[in-house]
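See below for final_19.txt, which holds compact mmCIF, C-alpha atoms.
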```txt
# COMPACT_ATOMS: atom_id res chain seq x y z
CA MET A 251 10.40 -36.59 14.21
CA HIS A 252 9.28 -32.95 13.86
CA TRP A 253 9.04 -30.91 17.08
CA ARG A 254 5.30 -30.48 16.56
CA ASP A 255 4.80 -34.26 16.37
CA LYS A 256 6.87 -34.75 19.53
CA LEU A 257 4.73 -32.24 21.42
CA ASN A 258 1.51 -33.80 20.11
CA ALA A 259 2.66 -37.27 21.20
CA LYS A 260 3.76 -36.08 24.64
CA TYR A 261 0.80 -33.80 25.40
CA SER A 262 -2.50 -34.98 24.02
CA ASN A 263 -4.57 -32.46 25.97
CA LYS A 264 -4.69 -28.68 25.40
CA GLU A 265 -3.12 -27.77 28.75
CA MET A 266 -0.12 -28.81 30.74
CA LYS A 267 -0.10 -28.99 34.52
CA LEU A 268 2.68 -27.18 36.35
CA ASN A 269 1.62 -28.39 39.76
CA ASN A 270 -1.69 -29.37 41.30
CA ASP A 271 -3.81 -26.40 40.21
CA GLU A 272 -1.71 -24.38 37.75
CA THR A 273 -2.08 -25.03 34.04
CA PHE A 274 -1.07 -23.22 30.89
CA GLU A 275 -1.91 -23.48 27.22
CA LEU A 276 0.65 -25.38 25.20
CA LEU A 277 2.50 -23.30 22.64
CA LYS A 278 1.41 -25.69 19.90
CA ASP A 279 -2.21 -24.80 20.69
CA SER A 280 -1.69 -21.05 20.92
CA LEU A 281 -3.20 -19.02 18.08
CA GLY A 282 -0.44 -16.43 18.26
CA PHE A 283 2.29 -19.06 18.18
CA ARG A 284 0.73 -20.89 15.23
CA VAL A 285 0.13 -17.72 13.21
CA ASN A 286 3.65 -16.51 13.94
CA TYR A 287 5.15 -19.88 13.00
CA LEU A 288 3.22 -19.94 9.71
CA ALA A 289 4.32 -16.36 8.95
CA LYS A 290 7.96 -17.29 9.64
CA LEU A 291 7.73 -20.32 7.38
CA MET A 292 6.21 -18.29 4.55
CA ARG A 293 8.72 -15.46 4.96
CA SER A 294 11.61 -17.93 4.98
CA GLU A 295 10.35 -19.50 1.75
CA LEU A 296 9.92 -16.06 0.20
CA GLU A 297 13.46 -15.05 1.22
CA PHE A 298 14.79 -18.25 -0.34
CA ARG A 299 13.00 -17.63 -3.63
CA LEU A 300 14.03 -13.98 -3.72
CA GLN A 301 17.74 -14.82 -3.48
CA SER A 302 17.88 -15.20 -7.24
CA PHE A 303 16.43 -11.67 -7.58
CA GLY A 304 18.94 -10.18 -5.16
CA ILE A 305 16.32 -8.46 -3.01
CA SER A 306 15.00 -8.90 0.51
CA SER A 307 11.41 -9.67 1.42
CA THR A 308 11.07 -6.11 2.72
CA GLN A 309 12.22 -4.67 -0.62
CA TRP A 310 9.89 -7.11 -2.37
CA THR A 311 6.96 -5.92 -0.26
CA VAL A 312 7.60 -2.29 -1.21
CA LEU A 313 7.86 -3.16 -4.91
CA VAL A 314 4.62 -5.15 -4.81
CA ALA A 315 2.86 -2.32 -2.97
CA LEU A 316 4.01 0.09 -5.68
CA LEU A 317 2.68 -2.29 -8.33
CA GLN A 318 -0.71 -2.04 -6.68
CA GLU A 319 -0.60 1.74 -6.37
CA ASP A 320 2.15 3.76 -7.99
CA MET A 321 2.93 7.45 -7.60
CA ILE A 322 2.25 7.67 -3.87
CA SER A 323 4.01 9.50 -1.08
CA GLN A 324 6.80 7.90 0.92
CA ARG A 325 4.53 8.09 3.96
CA ASP A 326 1.80 6.18 2.09
CA VAL A 327 4.34 3.52 1.09
CA ALA A 328 5.34 3.11 4.75
CA GLU A 329 1.71 2.76 5.85
CA ARG A 330 0.83 0.23 3.15
CA VAL A 331 3.72 -2.07 3.96
CA THR A 332 3.66 -1.43 7.74
CA LEU A 333 7.22 -0.14 8.03
CA ASP A 334 8.56 2.71 10.12
CA ASN A 335 9.83 5.78 8.31
CA ALA A 336 13.54 5.04 8.83
CA THR A 337 13.25 1.51 7.41
CA THR A 338 11.16 2.77 4.51
CA THR A 339 13.81 5.37 3.69
CA ARG A 340 16.58 2.74 3.70
CA VAL A 341 14.57 0.38 1.47
CA LEU A 342 13.73 3.18 -0.96
CA ASP A 343 17.41 4.20 -1.06
CA VAL A 344 18.35 0.67 -2.18
CA LEU A 345 15.54 0.46 -4.74
CA GLU A 346 16.42 3.89 -6.12
CA ALA A 347 20.13 2.96 -6.39
CA ARG A 348 19.12 -0.11 -8.44
CA GLY A 349 17.02 2.06 -10.74
CA PHE A 350 13.70 0.47 -9.70
CA ILE A 351 12.06 3.65 -8.40
CA SER A 352 12.31 7.41 -8.55
CA ARG A 353 11.55 9.93 -5.81
CA ASN A 354 10.31 13.38 -6.68
CA ARG A 355 9.31 16.24 -4.41
CA THR A 356 5.91 17.80 -4.92
CA ASP A 357 5.47 21.46 -5.80
CA ASP A 358 2.80 21.85 -3.11
CA ASP A 359 4.95 20.61 -0.23
CA ARG A 360 8.69 20.17 -0.75
CA ARG A 361 8.80 17.80 2.25
CA VAL A 362 6.62 15.22 0.46
CA GLN A 363 8.32 12.74 -1.87
CA ILE A 364 6.29 10.88 -4.48
CA ILE A 365 7.55 7.37 -5.18
CA ALA A 366 7.18 5.94 -8.68
CA LEU A 367 8.26 2.66 -10.22
CA SER A 368 10.59 2.99 -13.19
CA ASP A 369 9.91 0.88 -16.27
CA VAL A 370 12.72 -1.45 -15.20
CA GLY A 371 11.34 -1.52 -11.66
CA ARG A 372 7.83 -2.36 -12.86
CA GLU A 373 9.10 -5.23 -15.01
CA PHE A 374 11.30 -6.51 -12.17
CA ALA A 375 8.48 -6.20 -9.61
CA LEU A 376 6.03 -8.09 -11.82
CA GLU A 377 8.48 -10.97 -12.09
CA ALA A 378 9.39 -10.95 -8.38
CA ALA A 379 5.73 -10.71 -7.31
CA LYS A 380 5.20 -14.20 -8.68
CA CYS A 381 7.29 -15.59 -5.81
CA GLY A 382 4.71 -14.53 -3.24
CA GLU A 383 1.82 -15.68 -5.37
CA GLU A 384 3.36 -19.14 -5.77
CA ILE A 385 3.91 -19.48 -2.01
CA ASN A 386 0.34 -18.39 -1.24
CA LEU A 387 -1.06 -20.81 -3.82
CA ALA A 388 1.02 -23.67 -2.47
CA ALA A 389 0.00 -22.90 1.12
CA LEU A 390 -3.69 -22.73 0.22
CA GLU A 391 -3.86 -25.65 -2.22
CA SER A 392 -5.08 -28.07 0.45
CA LEU A 393 -8.11 -25.85 1.20
CA THR A 394 -11.39 -25.77 -0.65
CA PRO A 395 -12.50 -22.42 -2.14
CA GLU A 396 -14.98 -22.10 0.74
CA GLN A 397 -12.26 -22.76 3.31
CA LYS A 398 -10.04 -20.13 1.68
CA THR A 399 -12.83 -17.56 1.88
CA SER A 400 -13.58 -18.52 5.48
CA LEU A 401 -9.91 -18.28 6.42
CA ILE A 402 -9.65 -14.71 5.10
CA GLU A 403 -12.89 -13.75 6.87
CA ILE A 404 -11.68 -15.29 10.15
CA ILE A 405 -8.31 -13.53 9.94
CA GLU A 406 -10.09 -10.21 9.31
CA LYS A 407 -12.42 -10.77 12.30
CA LEU A 408 -9.47 -11.63 14.54
CA THR A 409 -7.56 -8.58 13.34
CA ILE A 410 -10.50 -6.28 14.04
CA ARG A 411 -10.98 -7.84 17.49
CA VAL A 412 -7.34 -7.48 18.50
CA GLU A 413 -7.33 -3.90 17.18
CA SER A 414 -10.36 -3.17 19.38
CA ILE A 415 -8.58 -4.71 22.38
CA ALA A 416 -5.65 -2.39 21.72
CA LEU A 417 -8.07 0.54 21.38
CA GLU A 418 -9.75 -0.31 24.69
CA ARG A 419 -6.38 -0.55 26.39
CA SER A 420 -5.12 2.74 25.06
CA ASN A 421 -6.24 6.29 24.66
CA PHE A 422 -6.26 6.22 20.87
CA ASP A 423 -9.13 7.96 19.15
CA SER A 424 -9.60 5.46 16.34
CA ASN A 425 -8.56 2.15 14.84
CA ASP A 426 -6.63 4.15 12.22
CA GLN A 427 -4.37 5.45 14.99
CA ILE A 428 -3.87 1.91 16.26
CA ARG A 429 -2.94 0.74 12.77
CA ASP A 430 -0.52 3.66 12.48
CA ARG A 431 1.00 2.96 15.90
CA PHE A 432 1.29 -0.79 15.58
CA GLN A 433 1.59 -0.82 11.80
CA VAL A 434 -0.92 -3.66 11.54
CA ARG A 435 -2.05 -3.10 7.97
```
Show the structure stored in the file as structure tokens.
Amino acid sequence: MHWRDKLNAKYSNKEMKLNNDETFELLKDSLGFRVNYLAKLMRSELEFRLQSFGISSTQWTVLVALLQEDMISQRDVAERVTLDNATTTRVLDVLEARGFISRNRTDDDRRVQIIALSDVGREFALEAAKCGEEINLAALESLTPEQKTSLIEIIEKLTIRVESIALERSNFDSNDQIRDRFQVR
């Protein structure tokens, strides 16, 4: 029996009593837990499928981001895939060593590196991108088109709300600074 089924059988209500007046939400009913669990499942499946390509899901994410917008700065790559600068540098080092990308400094500012997919990298990324598409399609196949649209809208609303909570809690000037700090998008 799956752990989720065991919990559902044992606890039919949404809360569990600790003692007479203390209760807490069950993990199985927590939005954060469920979203995190789904993300872990999808990442695990992606990692499994990417084994044959010899790349990690992080490298895959960078390649797919470059498919969507090529010839961007290293900083822009990091922002698009929500990675810190050190991790982005390491990933780009690996991709460059494999001949998938090139990095060129700009004439305007020698500190800025522009990242570009090579022809080999573009071909490889197009093939590897299919792994993520297949997982997303499989995950969503039990939903109607309307449910898919609603799901995306709900996730966006929740993201905006949690960003605003972080903004209220902090002294950031804008949601963009929150996204930069927490690398949400």
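The two atoms in question, CA of Ser368 in chain A and CA of Leu317 in chain A, are spaced 10.7 Å apart.
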Once you count all atoms listed in the file, what closest atom pair and distance in Å to one decimal does each residue of range 292-332 of chain A within 10 Å of range 354-362 of chain A have, with rows by chain and rising residue number, as a Markdown table?
```
| residue | atom | partner | partner_atom | distance |
| --- | --- | --- | --- | --- |
| A:Met321 | CA | A:Asn354 | CA | 9.5 |
| A:Ile322 | CA | A:Val362 | CA | 9.7 |
| A:Ser323 | CA | A:Val362 | CA | 6.5 |
| A:Gln324 | CA | A:Val362 | CA | 7.3 |
| A:Arg325 | CA | A:Val362 | CA | 8.2 |
```
Handout entry: For CA of Leu277 in chain A and CA of Leu291 in chain A, the interatomic separation in Å (one decimal)
Key = 16.4 Å
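Counting all atoms listed in the file and comparing A:Thr339, A:Glu384, A:Ile351, A:Ala328, the residue that lies closest to Asp369 in chain A is A:Ile351.
Interatomic distance, CA of Gln301 in chain A against CA of Arg348 in chain A: 15.6 Å.
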Handout entry: Distance query Thr308 in chain A at most 9 Å, all atoms listed in the file, self and fewer than 6 positions along chain excluded, as an NGL selection string
Key = :A and (331 or 333 or 341)
Exercise for the section: Using only C-alpha atoms, give me every residue within 12 Å of (-1.5, 4.5, -9.8) in file coordinates, as an MDAnalysis selection string. Expected result: chainID A and resid 315:323 364:367 372
Would you put the residues from that selection into a file with C-alpha atoms, as a PDB file, in the frame of the given file?
```pdb
ATOM      1  CA  ALA A 315       2.860  -2.320  -2.970  1.00  0.00           C
ATOM      2  CA  LEU A 316       4.010   0.090  -5.680  1.00  0.00           C
ATOM      3  CA  LEU A 317       2.680  -2.290  -8.330  1.00  0.00           C
ATOM      4  CA  GLN A 318      -0.710  -2.040  -6.680  1.00  0.00           C
ATOM      5  CA  GLU A 319      -0.600   1.740  -6.370  1.00  0.00           C
ATOM      6  CA  ASP A 320       2.150   3.760  -7.990  1.00  0.00           C
ATOM      7  CA  MET A 321       2.930   7.450  -7.600  1.00  0.00           C
ATOM      8  CA  ILE A 322       2.250   7.670  -3.870  1.00  0.00           C
ATOM      9  CA  SER A 323       4.010   9.500  -1.080  1.00  0.00           C
ATOM     10  CA  ILE A 364       6.290  10.880  -4.480  1.00  0.00           C
ATOM     11  CA  ILE A 365       7.550   7.370  -5.180  1.00  0.00           C
ATOM     12  CA  ALA A 366       7.180   5.940  -8.680  1.00  0.00           C
ATOM     13  CA  LEU A 367       8.260   2.660 -10.220  1.00  0.00           C
ATOM     14  CA  ARG A 372       7.830  -2.360 -12.860  1.00  0.00           C
TER      15      ARG A 372
END
```
Handout entry: Long-range neighbours of range 377-380 of chain A as a PyMOL selection string, 8 Å cut-off, all atoms listed in the file, 3 positions minimum in chain
Key = chain A and resi 300+303+310+314+373-374+383-384
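The nearest approach to Gly282 in chain A among the residues A:Ala416, A:Ile405, A:Ala388, A:Ala336, with all atoms listed in the file taken into account, belongs to A:Ile405.
For the set A:Ser352, A:Leu408, A:Asp326, A:Leu313, the residue with the smallest atom-to-atom gap to Ala375 in chain A is A:Leu313, counting all atoms listed in the file.
Distance check against Ser302 in chain A using all atoms listed in the file: of A:Cys381, A:Val412, A:Ile404, A:Leu387, the minimum falls on A:Cys381.
Among the candidates A:Ser414, A:Val344, A:Lys290, A:Leu393, the residue lying nearest to Gly304 in chain A is A:Val344 (atoms considered: only C-alpha atoms).
Nearest-residue note for Asn386 in chain A: choosing from A:Met292, A:Val285, A:Lys278, A:Arg353, the minimum distance belongs to A:Met292, counting all atoms listed in the file.
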